[in-house]
$ cat protein34.tsv   # TSV, C-alpha atoms and all ligand atoms
chain	number	residue	atom	x	y	z
A	11	MET	CA	-14.56	-5.93	-27.81
A	12	MET	CA	-15.11	-9.49	-28.95
A	13	VAL	CA	-15.73	-8.22	-32.44
A	14	VAL	CA	-12.42	-6.36	-32.41
A	15	MET	CA	-10.57	-9.36	-31.05
A	16	VAL	CA	-11.93	-11.67	-33.68
A	17	GLY	CA	-10.93	-9.19	-36.31
A	18	LEU	CA	-7.39	-8.80	-34.97
A	19	LEU	CA	-6.32	-12.30	-34.21
A	20	PRO	CA	-6.09	-13.57	-37.75
A	21	ALA	CA	-3.89	-10.60	-38.62
A	22	CYS	CA	-0.93	-11.68	-36.55
A	23	GLY	CA	-1.86	-15.23	-35.82
A	24	SER	CA	-3.72	-16.66	-32.89
A	25	ASP	CA	-1.08	-19.16	-31.90
A	26	ASP	CA	0.85	-18.49	-28.70
A	27	ARG	CA	4.24	-17.84	-30.25
A	28	ARG	CA	4.92	-15.00	-27.85
A	29	PRO	CA	8.72	-14.82	-28.01
A	30	THR	CA	8.64	-15.60	-31.68
A	31	ARG	CA	6.54	-12.67	-32.78
A	32	GLY	CA	9.02	-10.12	-33.88
A	33	THR	CA	9.31	-7.26	-36.24
A	34	GLY	CA	8.39	-9.42	-39.11
A	35	GLU	CA	11.96	-9.94	-40.24
A	36	ASP	CA	13.28	-13.39	-40.62
A	37	GLY	CA	15.38	-14.74	-37.79
A	38	GLY	CA	17.30	-12.41	-35.52
A	39	THR	CA	16.88	-11.94	-31.79
A	40	SER	CA	14.33	-10.35	-29.45
A	41	THR	CA	14.89	-8.97	-25.99
A	42	MET	CA	12.89	-10.83	-23.37
A	43	SER	CA	11.24	-9.08	-20.45
A	44	ASP	CA	13.97	-10.45	-18.20
A	45	GLY	CA	16.61	-8.82	-20.36
A	46	GLY	CA	17.74	-12.06	-22.02
A	47	LEU	CA	17.83	-12.60	-25.74
A	48	VAL	CA	15.90	-15.25	-27.58
A	49	SER	CA	16.48	-16.20	-31.14
A	50	ARG	CA	13.53	-15.72	-33.39
A	51	PRO	CA	12.79	-18.32	-36.00
A	52	ASP	CA	11.40	-17.41	-39.36
A	53	THR	CA	7.75	-16.72	-38.63
A	54	GLY	CA	6.93	-15.06	-41.87
A	55	PRO	CA	5.72	-11.53	-42.25
A	56	CYS	CA	3.88	-9.94	-39.30
A	57	THR	CA	0.88	-7.85	-40.25
A	58	PRO	CA	0.67	-4.99	-37.74
A	59	THR	CA	-2.63	-4.25	-36.05
A	60	GLU	CA	-3.44	-2.25	-32.93
A	61	GLU	CA	-2.08	-3.33	-29.53
A	62	ASN	CA	-3.87	-1.08	-27.06
A	63	THR	CA	-6.95	-2.84	-25.68
A	64	PRO	CA	-7.34	-5.10	-22.62
A	65	GLU	CA	-7.68	-8.03	-25.02
A	66	THR	CA	-4.69	-7.27	-27.24
A	67	CYS	CA	-2.59	-6.35	-24.19
A	68	SER	CA	-3.07	-9.79	-22.63
A	69	ASP	CA	-3.13	-12.17	-25.58
A	70	GLY	CA	0.56	-13.07	-25.64
A	71	VAL	CA	0.89	-11.72	-29.17
A	72	ASP	CA	2.94	-8.83	-30.52
A	73	ASN	CA	-0.07	-7.46	-32.36
A	74	ASP	CA	1.60	-4.31	-33.71
A	75	CYS	CA	4.79	-6.12	-34.71
A	76	ASP	CA	7.18	-3.78	-32.87
A	77	GLY	CA	9.03	-6.53	-31.02
A	78	ARG	CA	7.27	-6.02	-27.68
A	79	TRP	CA	4.07	-7.62	-26.57
A	80	ASP	CA	1.37	-7.04	-23.98
A	81	CYS	CA	2.48	-5.10	-20.86
A	82	SER	CA	6.06	-4.78	-22.13
A	83	ASP	CA	4.76	-2.69	-25.05
A	84	GLU	CA	4.32	0.94	-24.05
A	85	THR	CA	1.13	1.14	-26.12
A	86	CYS	CA	-0.38	-1.08	-23.39
A	87	SER	CA	0.62	1.35	-20.62
A	88	GLY	CA	-2.28	1.59	-18.16
A	89	VAL	CA	-4.46	-0.68	-20.30
A	90	GLY	CA	-6.22	-3.59	-18.63
A	91	SER	CA	-3.95	-5.04	-15.95
A	92	CYS	CA	-0.80	-3.36	-17.34
A	93	PRO	CA	0.83	-0.74	-15.09
A	94	VAL	CA	1.21	2.86	-16.27
A	95	CYS	CA	4.63	2.77	-17.90
A	96	GLY	CA	7.12	5.11	-16.20
A	97	SER	CA	4.93	5.77	-13.17
A	98	VAL	CA	5.46	4.98	-9.50
A	99	ASP	CA	2.80	5.71	-6.90
A	100	THR	CA	3.83	5.94	-3.27
A	101	MET	CA	0.85	5.27	-1.07
A	102	LEU	CA	1.68	6.08	2.52
A	103	GLY	CA	0.29	3.56	4.96
A	104	ALA	CA	-1.18	6.32	7.06
A	105	PRO	CA	-1.44	10.10	6.68
A	106	LEU	CA	1.92	11.55	7.58
A	107	ALA	CA	2.22	14.80	9.52
A	108	LEU	CA	4.71	17.15	7.86
A	109	PRO	CA	7.40	18.61	10.12
A	110	ASP	CA	5.93	22.02	10.96
A	111	GLY	CA	8.62	24.65	11.17
A	112	VAL	CA	10.88	22.09	12.85
A	113	GLY	CA	14.45	23.30	13.09
A	114	SER	CA	16.38	26.12	14.58
A	115	GLY	CA	19.48	28.14	14.29
A	116	THR	CA	20.59	30.56	11.64
A	117	CYS	CA	22.72	29.24	8.83
A	118	THR	CA	24.49	30.22	5.68
A	119	SER	CA	24.63	26.72	4.16
A	120	ASP	CA	23.43	23.18	4.79
A	121	ALA	CA	26.75	22.48	6.53
A	122	ASP	CA	25.63	24.71	9.40
A	123	CYS	CA	22.60	22.48	10.06
A	124	SER	CA	22.26	19.04	11.62
A	125	ALA	CA	22.20	16.09	9.24
A	126	ALA	CA	18.39	15.92	9.13
A	127	GLN	CA	18.02	19.62	8.35
A	128	SER	CA	18.87	21.99	5.52
A	129	CYS	CA	19.42	25.74	5.30
A	130	PHE	CA	16.50	27.77	3.90
A	131	ASN	CA	16.00	31.46	3.24
A	132	LEU	CA	12.94	32.63	5.19
A	133	GLY	CA	12.86	36.09	3.67
A	134	GLU	CA	11.92	39.13	5.71
A	135	ASP	CA	10.62	38.61	9.24
A	136	PRO	CA	7.09	40.07	9.19
A	137	ILE	CA	7.27	41.12	12.86
A	138	PHE	CA	10.85	41.96	13.65
A	139	GLY	CA	12.15	42.76	10.17
A	140	GLY	CA	15.40	41.60	8.72
A	141	THR	CA	15.95	38.50	6.66
A	142	THR	CA	17.06	35.22	8.11
A	143	GLN	CA	18.26	31.88	6.91
A	144	GLU	CA	17.39	29.04	9.24
A	145	CYS	CA	17.77	25.27	9.43
A	146	ARG	CA	14.61	23.28	8.78
A	147	GLU	CA	13.68	19.62	8.75
A	148	SER	CA	11.92	18.34	5.63
A	149	TYR	CA	9.61	15.49	4.79
A	150	ARG	CA	11.70	13.46	2.35
A	151	SER	CA	10.55	10.44	0.36
A	152	SER	CA	13.00	8.75	-2.00
A	153	LEU	CA	12.54	6.22	-4.79
A	154	ASP	CA	15.46	4.26	-6.25
A	155	PHE	CA	14.83	3.83	-9.95
A	156	ILE	CA	16.46	0.98	-11.87
A	157	GLY	CA	14.06	0.53	-14.77
A	158	PHE	CA	15.33	3.11	-17.24
A	159	SER	CA	17.80	2.33	-19.99
A	160	ALA	CA	21.29	2.32	-18.52
A	161	ASP	CA	22.37	5.42	-20.43
A	162	ALA	CA	19.09	7.33	-20.12
A	163	VAL	CA	19.59	10.98	-19.20
A	164	PHE	CA	16.99	13.67	-18.56
A	165	ALA	CA	17.23	15.66	-21.79
A	166	ASP	CA	14.25	18.01	-21.80
A	167	PRO	CA	11.03	18.72	-19.87
A	168	SER	CA	9.04	16.18	-21.87
A	169	ASP	CA	11.06	13.46	-20.11
A	170	ILE	CA	8.75	13.94	-17.14
A	171	VAL	CA	4.98	13.73	-17.25
A	172	SER	CA	4.00	14.73	-13.72
A	173	VAL	CA	4.75	14.81	-10.03
A	174	CYS	CA	1.58	14.57	-7.94
A	175	VAL	CA	0.91	14.82	-4.22
A	176	THR	CA	-2.24	14.20	-2.24
A	177	MET	CA	-2.05	16.42	0.79
A	178	GLU	CA	-3.68	19.03	2.98
A	179	HIS	CA	-2.25	22.10	4.64
A	180	SER	CA	-3.86	25.10	6.35
A	181	TRP	CA	-1.31	27.62	5.04
A	182	VAL	CA	0.32	26.42	1.86
A	183	ARG	CA	2.50	29.55	1.78
A	184	ASP	CA	4.55	27.94	4.58
A	185	LEU	CA	5.91	25.39	2.16
A	186	GLU	CA	8.78	24.77	-0.19
A	187	MET	CA	8.45	21.62	-2.30
A	188	ARG	CA	11.23	20.17	-4.42
A	189	LEU	CA	11.95	17.27	-6.70
A	190	GLU	CA	15.57	16.20	-6.39
A	191	ALA	CA	17.23	14.21	-9.18
A	192	PRO	CA	19.76	11.38	-8.81
A	193	ASN	CA	22.69	13.73	-9.47
A	194	GLY	CA	21.56	16.29	-6.87
A	195	GLN	CA	20.05	18.82	-9.28
A	196	PHE	CA	16.56	19.85	-8.22
A	197	VAL	CA	13.52	21.74	-9.37
A	198	ARG	CA	11.52	23.74	-6.86
A	199	LEU	CA	7.99	22.59	-7.59
A	200	GLN	CA	6.91	25.47	-5.37
A	201	ALA	CA	9.42	27.92	-3.93
A	202	PHE	CA	8.88	29.53	-0.54
A	203	LEU	CA	8.14	33.15	-1.34
A	204	GLY	CA	8.50	34.62	2.14
A	205	ARG	CA	6.40	35.02	5.25
A	206	GLU	CA	3.64	36.99	3.59
A	207	GLY	CA	0.30	36.58	1.83
A	208	GLY	CA	-3.13	35.46	2.98
A	209	GLU	CA	-4.48	32.16	4.21
A	210	LEU	CA	-4.70	29.48	1.55
A	211	TYR	CA	-5.37	25.79	2.14
A	212	LEU	CA	-4.41	22.70	0.27
A	213	GLY	CA	-7.41	20.36	0.43
A	214	GLU	CA	-9.64	20.58	3.48
A	215	ALA	CA	-7.22	21.13	6.33
A	216	ASP	CA	-8.13	20.74	9.99
A	217	ASP	CA	-7.08	24.13	11.29
A	218	CYS	CA	-8.36	23.55	14.83
A	219	ASP	CA	-5.76	20.96	15.73
A	220	SER	CA	-2.73	21.80	17.78
A	221	ALA	CA	0.92	21.64	16.91
A	222	SER	CA	1.44	19.04	19.63
A	223	SER	CA	-1.32	16.75	18.39
A	224	PRO	CA	-1.99	17.43	14.71
A	225	GLU	CA	-5.02	15.80	13.07
A	226	PRO	CA	-5.23	14.98	9.37
A	227	GLY	CA	-7.87	16.76	7.34
A	228	THR	CA	-8.94	15.69	3.86
A	229	GLY	CA	-6.31	15.69	1.15
A	230	ALA	CA	-6.67	16.85	-2.44
A	231	THR	CA	-4.41	15.92	-5.34
A	232	TYR	CA	-2.09	18.49	-6.89
A	233	CYS	CA	0.23	17.85	-9.79
A	234	TRP	CA	3.13	19.65	-11.39
A	235	THR	CA	3.51	19.02	-15.06
A	236	PRO	CA	5.42	20.65	-17.95
A	237	THR	CA	2.14	21.07	-19.81
A	238	ALA	CA	0.15	22.78	-17.04
A	239	THR	CA	-1.72	25.91	-18.10
A	240	ARG	CA	-1.74	27.34	-14.57
A	241	ASP	CA	1.28	29.14	-13.16
A	242	ALA	CA	3.12	27.89	-10.10
A	243	MET	CA	0.74	27.64	-7.12
A	244	PHE	CA	1.53	30.87	-5.30
A	245	ASP	CA	1.85	32.86	-8.52
A	246	TYR	CA	-1.52	31.51	-9.59
A	247	ALA	CA	-3.15	32.52	-6.30
A	248	ASN	CA	-1.38	35.88	-6.06
A	249	ALA	CA	-2.52	36.76	-9.59
A	250	GLY	CA	-6.15	36.28	-8.58
A	251	GLY	CA	-6.63	32.76	-9.89
A	252	ALA	CA	-9.93	31.22	-8.85
A	253	VAL	CA	-9.74	29.35	-5.55
A	254	ASP	CA	-12.14	26.90	-3.96
A	255	SER	CA	-14.14	27.56	-0.82
A	256	VAL	CA	-13.93	24.73	1.68
A	257	PRO	CA	-15.44	24.34	5.15
A	258	ASP	CA	-13.08	25.22	7.95
A	259	CYS	CA	-13.21	23.65	11.38
A	260	SER	CA	-15.08	26.49	13.05
A	261	GLY	CA	-18.20	26.57	10.90
A	262	GLY	CA	-16.89	29.07	8.36
A	263	THR	CA	-15.09	28.67	5.08
A	264	ALA	CA	-11.52	29.01	3.89
A	265	ASP	CA	-9.89	29.53	0.51
A	266	SER	CA	-8.29	26.39	-0.86
A	267	LEU	CA	-6.09	25.94	-3.89
A	268	PRO	CA	-8.07	24.03	-6.54
A	269	PRO	CA	-6.79	20.50	-7.18
A	270	GLY	CA	-5.24	19.88	-10.58
A	271	ASP	CA	-2.14	20.73	-12.59
A	272	TYR	CA	0.28	23.57	-11.87
A	273	GLY	CA	3.50	24.91	-13.28
A	274	THR	CA	6.70	24.89	-11.25
A	275	SER	CA	8.64	27.74	-9.66
A	276	ASP	CA	11.88	26.58	-11.28
A	277	PRO	CA	12.05	25.46	-14.90
A	278	TRP	CA	12.00	21.72	-15.47
A	279	THR	CA	15.21	22.22	-17.46
A	280	ASN	CA	16.94	22.33	-14.04
A	281	LEU	CA	16.92	18.54	-14.33
A	282	VAL	CA	18.68	18.35	-17.69
A	283	GLY	CA	21.73	16.11	-17.55
A	284	THR	CA	20.79	13.94	-14.60
A	285	PRO	CA	20.84	10.18	-15.08
A	286	MET	CA	17.29	8.80	-15.01
A	287	ASN	CA	18.27	5.76	-12.94
A	288	GLY	CA	19.03	6.46	-9.31
A	289	THR	CA	17.37	8.15	-6.35
A	290	TRP	CA	14.59	10.65	-6.98
A	291	THR	CA	13.40	12.47	-3.87
A	292	LEU	CA	10.31	14.52	-3.09
A	293	SER	CA	11.08	17.01	-0.36
A	294	VAL	CA	8.43	19.11	1.39
A	295	THR	CA	9.56	21.66	3.95
A	296	ASP	CA	7.29	23.71	6.22
A	297	LEU	CA	9.36	26.81	6.91
A	298	TRP	CA	6.97	28.69	9.11
A	299	GLY	CA	5.58	27.46	12.44
A	300	ALA	CA	1.90	27.26	13.41
A	301	ASP	CA	-0.18	25.91	10.49
A	302	ASN	CA	0.56	22.27	9.73
A	303	GLY	CA	-0.33	19.71	7.09
A	304	TYR	CA	-0.41	16.07	6.07
A	305	ILE	CA	0.75	14.11	3.07
A	306	PHE	CA	-1.20	11.01	2.05
A	307	GLU	CA	0.38	9.88	-1.21
A	308	TRP	CA	2.71	11.02	-3.95
A	309	SER	CA	3.53	9.78	-7.40
A	310	ILE	CA	5.94	10.48	-10.21
A	311	THR	CA	5.45	9.65	-13.87
A	312	PHE	CA	8.23	9.80	-16.42
A	313	ASN	CA	7.95	9.62	-20.18
A	314	SER	CA	7.80	5.96	-21.10
A	315	ARG	CA	10.35	6.43	-23.90
A	316	ASN	CA	13.19	6.05	-21.39
A	317	VAL	CA	11.76	2.89	-19.83
A	318	GLU	CA	13.64	-0.26	-20.66
A	319	ASP	CA	10.70	-2.64	-20.33
A	320	CYS	CA	7.20	-1.40	-19.50
A	321	SER	CA	6.28	-4.73	-17.86
A	322	SER	CA	9.11	-4.57	-15.30
A	323	PRO	CA	9.09	-2.55	-12.07
A	324	LEU	CA	10.84	0.80	-12.28
A	325	ILE	CA	12.13	0.62	-8.73
A	401	CA	CA	-0.61	-8.39	-27.37
A	402	CA	CA	3.82	-4.80	-29.73
A	403	CA	CA	-3.98	21.06	10.78
A	404	CA	CA	3.61	25.78	9.28
$ encode --input "protein34.tsv" --output "structure tokens"
Amino acid sequence: MMVVMVGLLPACGSDDRRPTRGTGEDGGTSTMSDGGLVSRPDTGPCTPTEENTPETCSDGVDNDCDGRWDCSDETCSGVGSCPVCGSVDTMLGAPLALPDGVGSGTCTSDADCSAAQSCFNLGEDPIFGGTTQECRESYRSSLDFIGFSADAVFADPSDIVSVCVTMEHSWVRDLEMRLEAPNGQFVRLQAFLGREGGELYLGEADDCDSASSPEPGTGATYCWTPTATRDAMFDYANAGGAVDSVPDCSGGTADSLPPGDYGTSDPWTNLVGTPMNGTWTLSVTDLWGADNGYIFEWSITFNSRNVEDCSSPLI
């Protein structure tokens, strides 16, 4: 790396003229990381080189002459000490037990449910027949984004890179998982498909715990991304996709959904038109009592092209 650094520095100058390195034009203004403008004196032509290594992303120089330097330049996203541009990771302080089939009462809309619950279609009752819609409580985690350009709007699926969760569950088919956008539009990352299908874990669940005193198992990380080659989780499993074998709590084994990237039940285009700034919410609802699960962490990564300044916090 030293060899590279020595080779690069003479290209754009080794002096610390951080705010003064611009696009190579004479004069003009540059946007500072705090949003203010600084005037840019005539610094002569800037000879662009690469700005994508730990050294060039911390040298105070706009090496590639695009008007942004170091962590504020998206080419430094995730390089060295620079954060991944457009990404927020929500580490939970402790594993959080998901509400397991919590809720009651039939409903025809959310208005029929208490404030903490929403109305879900449970499909056909496997024992008594008939379809029901019932109120359920969800795990909801919201992030208030402020770091996108003021007029940034979700235009197409490439505006999002991924939504990832680290979790375990001993019957993933119990779940509906959604990403809700600031304007209320949502994409079902995984839709509840009804009270049917065989046992399938997320991660290594502890299936010997009780509903009254759930115990966290070991989480695995699952992502939804527009570029996933796998179908949505349940479609993947129902179509005979390979599943992992994990130890269960009674000395046997259980099928578990392989960690990695999956498609979504709803198209990502469901989000088109929402402002990027505002409250994004991950909602996970366990619609079917008995098997429970835990969530350990979740993250969301947007395309950095909508980010105002890659060195500033998004939320
Ligand atoms: Ca630099
Ligand atoms: Ca730059
Ligand atoms: Ca459990
Ligand atoms: Ca359950």
$ atom_distance --input "protein34.tsv" --atom1 "CA of Pro269 (chain A)" --atom2 "CA of Val175 (chain A)"
10.0 Å
$ residues_near_ligand --input "protein34.tsv" --ligand "ligand CA 404 (chain A)" --cutoff "10 Å" --atoms "all atoms listed in the file" --output "list in words"
Leu108, Pro109, Asp110, Gly111, Val112, His179, Ser180, Trp181, Val182, Arg183, Asp184, Leu185, Ala221, Thr295, Asp296, Leu297, Trp298, Gly299, Ala300, Asp301, Asn302 and Gly303 of chain A
$ write_last_selection --input "protein34.tsv" --atoms "C-alpha atoms" --output "short mmCIF file (atom, residue, chain, number, x, y, z; two decimals), in the frame of the given file"
data_model
loop_
_atom_site.label_atom_id
_atom_site.label_comp_id
_atom_site.auth_asym_id
_atom_site.auth_seq_id
_atom_site.Cartn_x
_atom_site.Cartn_y
_atom_site.Cartn_z
CA LEU A 108 4.71 17.15 7.86
CA PRO A 109 7.40 18.61 10.12
CA ASP A 110 5.93 22.02 10.96
CA GLY A 111 8.62 24.65 11.17
CA VAL A 112 10.88 22.09 12.85
CA HIS A 179 -2.25 22.10 4.64
CA SER A 180 -3.86 25.10 6.35
CA TRP A 181 -1.31 27.62 5.04
CA VAL A 182 0.32 26.42 1.86
CA ARG A 183 2.50 29.55 1.78
CA ASP A 184 4.55 27.94 4.58
CA LEU A 185 5.91 25.39 2.16
CA ALA A 221 0.92 21.64 16.91
CA THR A 295 9.56 21.66 3.95
CA ASP A 296 7.29 23.71 6.22
CA LEU A 297 9.36 26.81 6.91
CA TRP A 298 6.97 28.69 9.11
CA GLY A 299 5.58 27.46 12.44
CA ALA A 300 1.90 27.26 13.41
CA ASP A 301 -0.18 25.91 10.49
CA ASN A 302 0.56 22.27 9.73
CA GLY A 303 -0.33 19.71 7.09
#
$ residues_near_point --input "protein34.tsv" --point "(20.9, 20.1, -14.4)" --cutoff "10 Å" --atoms "all atoms listed in the file" --output "list in words"
Phe164, Ala165, Ala191, Asn193, Gly194, Gln195, Phe196, Val197, Trp278, Thr279, Asn280, Leu281, Val282, Gly283, Thr284 and Pro285 of chain A
$ residues_near_ligand --input "protein34.tsv" --ligand "ligand CA 401 (chain A)" --cutoff "6 Å" --atoms "all atoms listed in the file" --output "VMD selection string"
chain A and resid 61 66 to 73 79 to 80
$ closest_residue --input "protein34.tsv" --among "A:Gln127, A:Ser220, A:Ser255, A:Thr311" --to "Tyr149 (chain A)" --atoms "all atoms listed in the file"
A:Gln127
$ residues_around --input "protein34.tsv" --residues "Trp290 (chain A)" --least-positions-apart "5" --cutoff "7 Å" --atoms "all atoms listed in the file" --output "JSON, numbers by chain"
{"A": [152, 153, 154, 190, 191, 192]}
$ atom_distance --input "protein34.tsv" --atom1 "CA of Val294 (chain A)" --atom2 "CA of Ala215 (chain A)"
16.5 Å
$ residues_around --input "protein34.tsv" --residues "region 230-246 of chain A" --least-positions-apart "5" --cutoff "7 Å" --atoms "only C-alpha atoms" --output "list in words"
Pro167, Ser168, Val171, Ser172, Val173, Cys174, Val175, Thr176, Met177, Glu178, Leu199, Gln200, Leu212, Gly213, Gly251, Pro269, Gly270, Asp271, Tyr272, Gly273, Thr274 and Ser275 of chain A
$ atom_distance --input "protein34.tsv" --atom1 "CA of Gly262 (chain A)" --atom2 "CA of Gly207 (chain A)"
19.9 Å
$ build_atoms --input "protein34.tsv" --residues "region 207-229 of chain A" --atoms "N, CA and C atoms" --output "compact mmCIF listing (two decimals), in the frame of the given file"
# COMPACT_ATOMS: atom_id res chain seq x y z
N GLY A 207 1.44 37.09 2.58
CA GLY A 207 0.30 36.58 1.83
C GLY A 207 -0.79 36.05 2.74
N GLY A 208 -1.97 35.85 2.19
CA GLY A 208 -3.13 35.46 2.98
C GLY A 208 -3.28 33.96 3.12
N GLU A 209 -4.23 33.58 3.94
CA GLU A 209 -4.48 32.16 4.21
C GLU A 209 -4.92 31.44 2.94
N LEU A 210 -4.33 30.31 2.70
CA LEU A 210 -4.70 29.48 1.55
C LEU A 210 -4.44 28.02 1.92
N TYR A 211 -5.50 27.21 1.81
CA TYR A 211 -5.37 25.79 2.14
C TYR A 211 -4.93 24.98 0.93
N LEU A 212 -4.39 23.81 1.20
CA LEU A 212 -4.41 22.70 0.27
C LEU A 212 -5.45 21.73 0.81
N GLY A 213 -6.37 21.28 -0.03
CA GLY A 213 -7.41 20.36 0.43
C GLY A 213 -8.27 20.98 1.51
N GLU A 214 -8.84 20.11 2.35
CA GLU A 214 -9.64 20.58 3.48
C GLU A 214 -8.85 20.32 4.76
N ALA A 215 -8.07 21.29 5.15
CA ALA A 215 -7.22 21.13 6.33
C ALA A 215 -8.06 21.20 7.61
N ASP A 216 -7.56 20.57 8.65
CA ASP A 216 -8.13 20.74 9.99
C ASP A 216 -7.29 21.82 10.67
N ASP A 217 -7.85 23.01 10.75
CA ASP A 217 -7.08 24.13 11.29
C ASP A 217 -7.33 24.34 12.77
N CYS A 218 -8.09 23.42 13.40
CA CYS A 218 -8.36 23.55 14.83
C CYS A 218 -7.49 22.60 15.65
N ASP A 219 -6.63 21.85 14.98
CA ASP A 219 -5.76 20.96 15.73
C ASP A 219 -4.59 21.76 16.32
N SER A 220 -3.85 21.10 17.14
CA SER A 220 -2.73 21.80 17.78
C SER A 220 -1.42 21.26 17.24
N ALA A 221 -0.39 22.06 17.39
CA ALA A 221 0.92 21.64 16.91
C ALA A 221 1.37 20.37 17.61
N SER A 222 0.98 20.20 18.87
CA SER A 222 1.44 19.04 19.63
C SER A 222 0.66 17.78 19.29
N SER A 223 -0.57 17.93 18.81
CA SER A 223 -1.32 16.75 18.39
C SER A 223 -2.09 17.05 17.11
N PRO A 224 -1.36 17.11 15.99
CA PRO A 224 -1.99 17.43 14.71
C PRO A 224 -2.97 16.33 14.29
N GLU A 225 -4.01 16.74 13.58
CA GLU A 225 -5.02 15.80 13.07
C GLU A 225 -5.11 15.96 11.56
N PRO A 226 -5.11 14.85 10.82
CA PRO A 226 -5.23 14.98 9.37
C PRO A 226 -6.61 15.47 8.95
N GLY A 227 -6.62 16.37 7.98
CA GLY A 227 -7.87 16.76 7.34
C GLY A 227 -8.10 15.87 6.12
N THR A 228 -8.68 16.45 5.09
CA THR A 228 -8.94 15.69 3.86
C THR A 228 -8.03 16.19 2.76
N GLY A 229 -7.26 15.29 2.18
CA GLY A 229 -6.31 15.69 1.15
C GLY A 229 -6.96 15.92 -0.20
